[in-house]
Amino acid sequence: MSWMIDRYQALRSLLRRGHLEDEVAEELEFHLAMRAEEYVAQGMTPEEARAEALRRFGSMDAYRKQTHQIDEDMARERRRTEIWDMVRRETRQALRSLARSPSFAVVAVLTLALGLGATTALYSVVDAVVLRPLPYDAPEQLVWLDSAVPGVAPDARWGLSEAGYLHFAREARGLASVGAFEVDNGSFATSDGALRVDVATVTASVMDVLRARPALGSLITPETDTPDARRVAVLGYDFWVRQYGADSRVLGTSVRLDDEPTEIIGVMARGLELPDDTVDVWMPLRLDPASRPVNVHGLSAIGRLKDGTSLGQAQAEITAMSARFPELFPSAYGESFMRETGFNTWVTPLAKHVVGDVDRVLWILLGSVALVLLIACANVANLFLVRSEARRRELAVRSALGAARGDLAWHALTESLLLCLVAYGLGLLLAHGALRLLVTLEPSGLPRLEEVGLGWHGAVVAAVLCVMAGVVFGLFPLARTGADVAALRESGRGLSASRRRNLMRGGMVVGQVGLAVVLLAAAGLMLRSYWTLHAVDPGLKPENVLTFDIVLPRTRYTNYDEVNRFHRELVSRLEALPGVTGVGAGSRLPLRDFGGCAGLSAEGVTPKGGLPPCLPVVGTAPGYFRALGIPLLQGRELTWEDLDRKADGVVVTKALAERMWPGEDALGKGIRGQGNGPPYYHVIGVAGDLRAHGLDKPPAEAVFFPLAPAAKDLPLWGPRRAVSVAVRTATTRPESLTPDVRRILSELDATVPLANVQTMERAVAKSPSVARATFTLFLLGIAGSMALLLSAVGLYGVIAFIVGQRRGEMGIRMALGARAAQVAGMVVLQSLRFTTLGIVLGLVGALAMGQVMSALLFEVSASDPLVLAAVCGVLVMLAMLAAYGPARRAARVDPAEVLRSE
């Protein structure tokens with residue numbers, strides 16, 4: 001009885017400490033008196049003797065304080081030793097106790113580890129993407145500037161124009177600095193050929209906005225950011241390490257970037273990138289402040305608020321400055337343009353711009369896995385309740401022998417915390433593996449993916465959850481320990497669980513089933529949404545198509561003829577490859593990069609409101625529609641012969657034709673870029689409904705122009721040096737053509753890099769709508785499956801325990817004439833009762849969850865009856881399956897054996 005000995009020693013120690021100071025005072029007084037007697041014997045008076053003794057002896061208070069401090073130190077050391085001894089002893093006892101119940105320990109650890117691992121992994125994603133600040137100095141001051149044009153489309157956003165950016169950079173008082181940049185692909189010459197790199201051309205002020213620092217050399221400065229400055233570049237840190245092995249001798253060397261000599265002046269600090277993009281090479285943008293203002297919004301812009309300036313104040317100032325554009329730049333911004341487009345410049349927190357609406361998805365997913373953790377905790381709590389029932393007599397004996405509730409609680413806590421500690425370690429391993437898998441999958445649209453990982457934030461959250469669970473598991477079963485002393489006066493049958501505990505176990509199972517309904521309904525809604533989305537016809541045939549991008553160096557390909565000559569030769573050689581059935585090239589590919597727009601005018605059509613539509617404009621080479629499998633409802637596409645004779649034919653989508661010329665034949669109609677002069681290009685073909693912007697978006701309105709202008713008075717938007725190529729093959733593995741494509745490009749021009757090689761099917765899968773639905777469905781499906789499994793285990797465990805408790809009752813029923821089928825039905829009915837209550841509660845939660853998820857669904861009602869009915873059916877079948885084993889055992893009870901035992 002080690003606990004009784006511990007209590008006796010602690011009480012004795014406290015009693016001794018109460019008399020210690022008195023004993024020390026008596027001991028000191030005794031020595032003082034002895035010394036005074038010696039002095040009296042030498043002839044001093046008693047008063048003189050005592051004074052001399054005090055002087056020789058020293059400060060009595062100092063001795064008392066020193067003795068008291070020694071006593072306190074010894075007491076603390078004794079308490080520390082006693083506590084550690086108790087911890088070691090209780091830990092050994094808990095380990096022995098758990099070793100005698102390995103099945104209980106393994107099931108509890110695995111169940112809790114699954115819940116902890118899933119919750120920790122999702123929290124780590126939310127922490128990295130939403131909660132953690134951006135990796136810049138004072139990130140709360142950073143803002144994103146773009147142009148809202150609700151007159152074009154409700155959510156339409158453009159970048160800044162050069163004139164607008166320069167105006168804000170000079171005049172905005174609420175912004176400490178404003179920077180602009182563009183990101184594109186570039187060709188970087190190496191000894192092994194051309195390498196495709198991500199190039200950011202930035203103003204020098206971007207360095208100030210981001211508070212960038214060089215790891216080596218210098219950064220872009222105002223002196224290098226002028227139109228007549230020498231061509232220089234700063235390498236990204238990762239690119240420097242990858243390409244040059246972190247060799248500092250790279251400074252001052254000249255490389256050929258886009259086939260132009262460029263001097264390397266520095267290396268960017270490690271980890272510093274643009275908010276939306278990784279950068280291999282940084283170059284100055286070199287804007288010309290004296291250039292004529294143009295209403296072209298191609299610049300991305302970021303700014304830093306001045307100290308003391310709020311976001312609202314900055315927005316008010318930028319709004320007022322934008323309203324003056326017609327006055328400041330009348331040749332680019334007319335009053336009608338401002339009025340009809342609703343043009344304004346918005347200032348948005350940079351963190352909000354980077355995260356977008358993905359935070360809603362992540363919070364929903366985190367809430368879902370938190371529900372899984374609750375189900376897991378309910379399962380483990382039920383296991384502890386069952387275990388406490390099995391140990392009820394042991395606890396009653398301990399209480400009868402004098403063990404206080406605290407002693408019993410400490411023993412139970414040690415056992416539960418030990419289990420939770422093991423589950424914590426296993427959960428962290430599961431979370432680490434899940435996060436590595438997530439990063440490997442590279443879900444499209446998930447920002448800051450490179451920052452996702454299991455850090456100390458996630459580990460601390462998991463530890464807190466683990467400790468809370470351990471305390472609840474340890475103390476919850478002991479809520480009514482005092483009443484268990486009555487068990488010593490009862491026989492074996494009196495040791496059955498109380499009605500209250502049965503209700504507790506049943507209530508937890510009902511809660512588990514309810515939470516499972518919520519998660520399964522959420523996963524079902526996403527599954528229906530996913531199927532509905534995939535059933536949408538994209539307007540093309542992505543099967544067996546390989547796509548890739550190329551960028552022709554500006555210095556080597558200066559005009560339309562040189563650019564078109566290269567494209568024609570490339571298409572010709574690719575078409576000659578075995579198994580190739582079609583090749584096409586265009587400035588944009590559907591579902592990949594179909595953004596941007598240009599103002600267009602149609603012959604004889606007056607736009608509503610006087611504002612010409614701003615639509616995607618795609619330059620295409622012959623074979624574009626055949627290679628992508630885009631059907632032409634009318635007419636045809638251009639041929640190389642048409643390009644040779646400068647034909648003015650274009651292809652429009654069906655959606656645009658119906659908008660521009662409703663009820664009319666679009667063939668032969670004229671269309672041109674706004675302000676390009678009176679001649680028109682003429683429609684020679686109408687493509688079918690093409691969902692180029694996303695499967696969840698309406699069919700695109702777009703115009704497909706030729707790669708080269710038909711005549712001098714029919715200009716286009718410059719030579720298409722950057723194009724995407726689509727190669728349709730007869731093989732089901734189009735990626736096998738990649739080596740041949742690389743060889744052909746190298747033979748045509750070794751300075752042209754091959755980039756973004758992927759199949760069109762993968763491009764469709766990575767499109768934002770499909771990728772988001774896939775990512776959400778994947779995680780919700782896992783959460784729903786775990787909830788279903790844990791609910792089944794919990795339901796089975798409770799029904800099995802109840803059958804074990806009521807074994808005597810069932811034997812008596814059968815002895816009195818009840819059939820085995822009736823007894824089994826009683827067990828199944830008990831299971832269905834729990835499940836029905838859980839389903840009713842869960843349906844309420846599922847309806848609320850559906851409303852929260854409504855923004856993520858595609859053409860599916862948040863209260864879809866088919867999904868809810870399917871979930872209820874699955875759980876009813878689950879309840880019957882969970883009851884099958886206990887029902888069979890109940891039906892096989894031997895009445896004679898039960899009566900003998902009673």
# chains A, B, ... in the order shown; residues from 1 in each chain; ligands from 1
>>> residues_around(residues="region 166-175 of chain A", least_positions_apart="4", cutoff="6 Å", atoms="only C-alpha atoms", output="number ranges by chain")
A: 304-306, 309, 314
>>> residues_around(residues="Leu449 (chain A)", least_positions_apart="6", cutoff="8 Å", atoms="only C-alpha atoms", output="list in words")
Val129, Val439 and Glu442 of chain A
>>> residues_around(residues="Ala771 (chain A)", least_positions_apart="3", cutoff="12 Å", atoms="only C-alpha atoms", output="compact mmCIF listing (two decimals) with N, CA and C atoms, in the first residue's frame")
# COMPACT_ATOMS: atom_id res chain seq x y z
N VAL A 358 -9.50 30.93 -50.82
CA VAL A 358 -9.14 29.58 -50.41
C VAL A 358 -9.23 29.43 -48.89
N LEU A 441 1.28 16.37 -54.16
CA LEU A 441 0.14 16.46 -55.07
C LEU A 441 0.01 17.83 -55.72
N GLU A 442 0.58 18.88 -55.09
CA GLU A 442 0.56 20.25 -55.61
C GLU A 442 -0.85 20.68 -56.01
N PRO A 443 -1.77 20.75 -55.05
CA PRO A 443 -3.13 21.18 -55.41
C PRO A 443 -3.13 22.58 -56.00
N SER A 444 -3.70 22.71 -57.17
CA SER A 444 -3.73 24.01 -57.86
C SER A 444 -4.58 24.99 -57.07
N GLY A 445 -4.13 26.24 -57.02
CA GLY A 445 -4.88 27.28 -56.35
C GLY A 445 -4.60 27.39 -54.87
N LEU A 446 -3.74 26.52 -54.31
CA LEU A 446 -3.39 26.61 -52.90
C LEU A 446 -2.13 27.45 -52.78
N TYR A 530 -18.66 17.40 -57.81
CA TYR A 530 -17.54 16.96 -58.64
C TYR A 530 -18.02 16.23 -59.88
N LEU A 533 -19.62 18.68 -62.25
CA LEU A 533 -18.60 19.50 -62.90
C LEU A 533 -17.91 18.71 -64.01
N HIS A 534 -17.59 17.45 -63.74
CA HIS A 534 -16.91 16.64 -64.75
C HIS A 534 -17.84 16.25 -65.90
N LEU A 591 -8.63 26.80 -70.64
CA LEU A 591 -8.50 26.19 -69.31
C LEU A 591 -7.09 26.25 -68.75
N GLY A 694 -13.10 28.00 -67.36
CA GLY A 694 -13.33 27.05 -66.29
C GLY A 694 -14.62 26.30 -66.54
N LEU A 695 -14.68 25.06 -66.07
CA LEU A 695 -15.89 24.26 -66.29
C LEU A 695 -17.09 24.82 -65.54
N ASP A 696 -16.82 25.60 -64.50
CA ASP A 696 -17.93 26.19 -63.75
C ASP A 696 -18.31 27.57 -64.27
N ARG A 762 -4.26 16.88 -67.95
CA ARG A 762 -3.74 17.42 -66.69
C ARG A 762 -4.04 18.92 -66.57
N ALA A 763 -3.98 19.62 -67.70
CA ALA A 763 -4.33 21.05 -67.67
C ALA A 763 -5.77 21.25 -67.23
N VAL A 764 -6.67 20.39 -67.72
CA VAL A 764 -8.08 20.48 -67.30
C VAL A 764 -8.19 20.17 -65.81
N ALA A 765 -7.47 19.12 -65.36
CA ALA A 765 -7.54 18.74 -63.95
C ALA A 765 -6.99 19.82 -63.04
N LYS A 766 -6.01 20.61 -63.53
CA LYS A 766 -5.41 21.66 -62.73
C LYS A 766 -6.12 23.00 -62.88
N SER A 767 -7.15 23.07 -63.70
CA SER A 767 -7.89 24.32 -63.82
C SER A 767 -8.53 24.62 -62.46
N PRO A 768 -8.66 25.90 -62.11
CA PRO A 768 -9.06 26.25 -60.73
C PRO A 768 -10.31 25.56 -60.22
N THR A 774 -11.56 18.87 -56.62
CA THR A 774 -10.82 17.64 -56.36
C THR A 774 -10.16 17.68 -54.98
N PHE A 775 -9.51 18.79 -54.67
CA PHE A 775 -8.82 18.95 -53.39
C PHE A 775 -9.81 18.85 -52.23
N THR A 776 -10.92 19.57 -52.34
CA THR A 776 -11.92 19.57 -51.27
C THR A 776 -12.56 18.19 -51.13
N LEU A 777 -12.90 17.57 -52.25
CA LEU A 777 -13.51 16.24 -52.20
C LEU A 777 -12.56 15.22 -51.60
N PHE A 778 -11.28 15.31 -51.96
CA PHE A 778 -10.28 14.36 -51.46
C PHE A 778 -10.22 14.41 -49.93
N LEU A 856 -19.00 26.50 -52.51
CA LEU A 856 -18.07 25.54 -53.11
C LEU A 856 -18.77 24.58 -54.05
>>> residues_around(residues="region 203-215 of chain A", least_positions_apart="2", cutoff="6 Å", atoms="only C-alpha atoms", output="list in words")
Ser177, Gly179, Ala180, Ser218, Ile220, Thr221, Pro222, Val267, Met268, Ala269, Pro284, Leu285, Gly303 and Arg304 of chain A
>>> select_by_dssp(residues="region 182-234 of chain A", states="alpha helix (DSSP H)", output="ChimeraX atom specification")
/A:204-209
>>> residues_around(residues="Ala883 (chain A)", least_positions_apart="3", cutoff="8 Å", atoms="only C-alpha atoms", output="compact mmCIF listing (two decimals) with N, CA and C atoms, in the first residue's frame")
# COMPACT_ATOMS: atom_id res chain seq x y z
N LEU A 795 -20.24 2.26 -32.34
CA LEU A 795 -21.55 1.64 -32.25
C LEU A 795 -21.43 0.16 -31.90
N TYR A 796 -20.51 -0.53 -32.55
CA TYR A 796 -20.30 -1.95 -32.28
C TYR A 796 -19.88 -2.15 -30.82
N ILE A 799 -22.92 -1.59 -28.39
CA ILE A 799 -23.91 -2.66 -28.49
C ILE A 799 -23.35 -3.95 -27.90
N ALA A 800 -22.09 -4.25 -28.19
CA ALA A 800 -21.48 -5.46 -27.63
C ALA A 800 -21.43 -5.39 -26.11
N VAL A 827 -31.59 -6.60 -29.95
CA VAL A 827 -30.25 -5.99 -30.05
C VAL A 827 -30.17 -5.07 -31.27
N VAL A 828 -30.68 -5.56 -32.41
CA VAL A 828 -30.65 -4.73 -33.61
C VAL A 828 -31.47 -3.47 -33.43
N SER A 831 -29.53 -0.89 -31.59
CA SER A 831 -28.57 -0.23 -32.48
C SER A 831 -29.25 0.80 -33.37
N ALA A 879 -25.48 0.54 -39.00
CA ALA A 879 -26.00 0.16 -37.69
C ALA A 879 -26.37 -1.32 -37.65
N MET A 880 -26.96 -1.81 -38.73
CA MET A 880 -27.34 -3.23 -38.76
C MET A 880 -26.11 -4.13 -38.80
N PRO A 886 -22.97 -8.74 -32.16
CA PRO A 886 -23.61 -8.84 -30.83
C PRO A 886 -24.96 -9.53 -30.86
N ALA A 887 -25.74 -9.33 -31.93
CA ALA A 887 -27.04 -9.99 -32.01
C ALA A 887 -26.88 -11.51 -32.09
>>> select_by_dssp(residues="region 436-646 of chain A", states="strand (DSSP E)", output="number ranges by chain")
A: 545-551, 580-586, 598-602, 614-615, 617-620, 632-635
>>> write_last_selection(atoms="C-alpha atoms", output="mmCIF file, in the first residue's frame")
data_model
loop_
_atom_site.group_PDB
_atom_site.id
_atom_site.type_symbol
_atom_site.label_atom_id
_atom_site.label_comp_id
_atom_site.auth_asym_id
_atom_site.auth_seq_id
_atom_site.Cartn_x
_atom_site.Cartn_y
_atom_site.Cartn_z
ATOM 1 C CA VAL A 545 -3.063 15.908 -76.382
ATOM 2 C CA LEU A 546 0.394 17.133 -75.311
ATOM 3 C CA THR A 547 0.873 20.843 -74.653
ATOM 4 C CA PHE A 548 3.975 22.960 -74.082
ATOM 5 C CA ASP A 549 5.079 26.599 -74.171
ATOM 6 C CA ILE A 550 7.862 28.339 -76.090
ATOM 7 C CA VAL A 551 9.194 31.904 -75.997
ATOM 8 C CA VAL A 580 0.770 12.736 -84.566
ATOM 9 C CA THR A 581 -2.684 13.527 -85.955
ATOM 10 C CA GLY A 582 -2.803 17.299 -85.459
ATOM 11 C CA VAL A 583 -0.694 20.236 -84.300
ATOM 12 C CA GLY A 584 -1.777 23.749 -83.417
ATOM 13 C CA ALA A 585 -0.231 26.826 -81.809
ATOM 14 C CA GLY A 586 -1.823 29.819 -80.143
ATOM 15 C CA ALA A 598 -8.964 43.640 -75.410
ATOM 16 C CA GLY A 599 -11.664 46.029 -76.520
ATOM 17 C CA LEU A 600 -13.357 44.880 -79.755
ATOM 18 C CA SER A 601 -15.777 46.509 -82.175
ATOM 19 C CA ALA A 602 -18.181 44.674 -84.488
ATOM 20 C CA CYS A 614 -13.479 43.546 -73.625
ATOM 21 C CA LEU A 615 -12.875 39.962 -74.743
ATOM 22 C CA VAL A 617 -8.085 37.764 -78.117
ATOM 23 C CA VAL A 618 -6.146 34.678 -79.198
ATOM 24 C CA GLY A 619 -3.610 34.541 -81.999
ATOM 25 C CA THR A 620 -3.712 31.097 -83.602
ATOM 26 C CA LEU A 632 -16.534 24.307 -85.688
ATOM 27 C CA LEU A 633 -20.300 24.674 -85.976
ATOM 28 C CA GLN A 634 -19.983 26.812 -89.099
ATOM 29 C CA GLY A 635 -17.266 27.600 -91.602
#
>>> closest_residue(among="A:Leu435, A:Ala462, A:Val752, A:Ala846", to="Cys420 (chain A)", atoms="only C-alpha atoms")
A:Ala462
>>> atom_distance(atom1="CA of Arg592 (chain A)", atom2="CA of His693 (chain A)")
8.0 Å
>>> closest_residue(among="A:Leu690, A:Arg743, A:Leu421, A:Arg79", to="Leu465 (chain A)", atoms="only C-alpha atoms")
A:Leu421
>>> closest_atom_pairs(of="region 735-827 of chain A", to="region 91-114 of chain A", cutoff="12 Å", atoms="only C-alpha atoms", output="Markdown table")
| residue | atom | partner | partner_atom | distance |
| --- | --- | --- | --- | --- |
| A:Ile782 | CA | A:Leu114 | CA | 11.1 |
| A:Ala783 | CA | A:Leu114 | CA | 10.3 |
| A:Ser785 | CA | A:Leu114 | CA | 11.8 |
| A:Met786 | CA | A:Leu114 | CA | 8.4 |
| A:Ala787 | CA | A:Leu114 | CA | 10.6 |
| A:Leu789 | CA | A:Thr111 | CA | 10.2 |
| A:Leu790 | CA | A:Thr111 | CA | 7.7 |
| A:Ser791 | CA | A:Thr111 | CA | 11.1 |
| A:Val793 | CA | A:Thr111 | CA | 9.9 |
| A:Gly794 | CA | A:Thr111 | CA | 10.6 |
| A:Gly797 | CA | A:Val107 | CA | 11.5 |
>>> write_last_selection(atoms="C-alpha atoms", output="PDB file, in the first residue's frame")
ATOM      1  CA  ILE A 782     -11.035  11.063 -46.105  1.00  0.00           C
ATOM      2  CA  ALA A 783     -12.725  12.835 -43.186  1.00  0.00           C
ATOM      3  CA  SER A 785     -14.554   7.766 -44.335  1.00  0.00           C
ATOM      4  CA  MET A 786     -12.756   8.112 -40.999  1.00  0.00           C
ATOM      5  CA  ALA A 787     -15.972   9.316 -39.362  1.00  0.00           C
ATOM      6  CA  LEU A 789     -15.271   3.862 -39.610  1.00  0.00           C
ATOM      7  CA  LEU A 790     -14.977   5.357 -36.125  1.00  0.00           C
ATOM      8  CA  SER A 791     -18.755   5.546 -35.758  1.00  0.00           C
ATOM      9  CA  VAL A 793     -16.425   0.915 -34.181  1.00  0.00           C
ATOM     10  CA  GLY A 794     -18.098   2.995 -31.475  1.00  0.00           C
ATOM     11  CA  GLY A 797     -18.473  -1.460 -28.984  1.00  0.00           C
TER      12      GLY A 797
END
>>> residues_around(residues="Phe329 (chain A)", least_positions_apart="6", cutoff="12 Å", atoms="only C-alpha atoms", output="PyMOL selection string")
chain A and resi 161-164+166-167+291-295+321-323+335+338
>>> write_last_selection(atoms="C-alpha atoms", output="short mmCIF file (atom, residue, chain, number, x, y, z; two decimals), in the first residue's frame")
data_model
loop_
_atom_site.label_atom_id
_atom_site.label_comp_id
_atom_site.auth_asym_id
_atom_site.auth_seq_id
_atom_site.Cartn_x
_atom_site.Cartn_y
_atom_site.Cartn_z
CA SER A 161 -1.44 51.12 -66.58
CA GLU A 162 2.03 52.63 -66.77
CA ALA A 163 0.59 56.13 -66.48
CA GLY A 164 -1.55 55.16 -63.49
CA LEU A 166 3.70 56.45 -62.23
CA HIS A 167 1.00 58.83 -61.00
CA SER A 291 5.95 57.90 -72.84
CA ARG A 292 2.43 58.62 -74.09
CA PRO A 293 -0.31 57.40 -71.67
CA VAL A 294 -2.09 54.26 -72.93
CA ASN A 295 -5.19 52.58 -71.53
CA MET A 321 -6.58 60.12 -57.61
CA SER A 322 -8.20 57.58 -59.98
CA ALA A 323 -11.17 59.90 -60.53
CA GLU A 335 -15.20 60.35 -69.28
CA MET A 338 -14.75 55.89 -66.64
#
>>> closest_residue(among="A:Ser587, A:Thr414, A:Asn379, A:Thr532", to="Val471 (chain A)", atoms="only C-alpha atoms")
A:Thr414
>>> atom_distance(atom1="CA of Arg196 (chain A)", atom2="CA of Thr732 (chain A)")
27.0 Å
>>> residues_around(residues="Leu716 (chain A)", least_positions_apart="4", cutoff="10 Å", atoms="only C-alpha atoms", output="compact mmCIF listing (two decimals) with C-alpha atoms, in the first residue's frame")
# COMPACT_ATOMS: atom_id res chain seq x y z
CA VAL A 617 -8.09 37.76 -78.12
CA GLY A 619 -3.61 34.54 -82.00
CA ARG A 672 -11.68 44.41 -85.21
CA GLY A 673 -9.75 45.76 -82.27
CA ASN A 676 -7.61 49.88 -85.10
CA PHE A 705 -7.22 36.06 -84.91
CA PRO A 706 -4.42 34.90 -87.23
CA LEU A 707 -0.83 35.01 -86.03
CA ALA A 708 0.06 37.67 -88.62
CA PRO A 709 -1.95 40.73 -89.70
CA ALA A 710 -3.82 40.55 -93.00
CA ALA A 711 -2.61 43.98 -94.10
CA LYS A 712 -0.94 47.11 -92.77
CA ARG A 720 3.25 36.29 -80.93
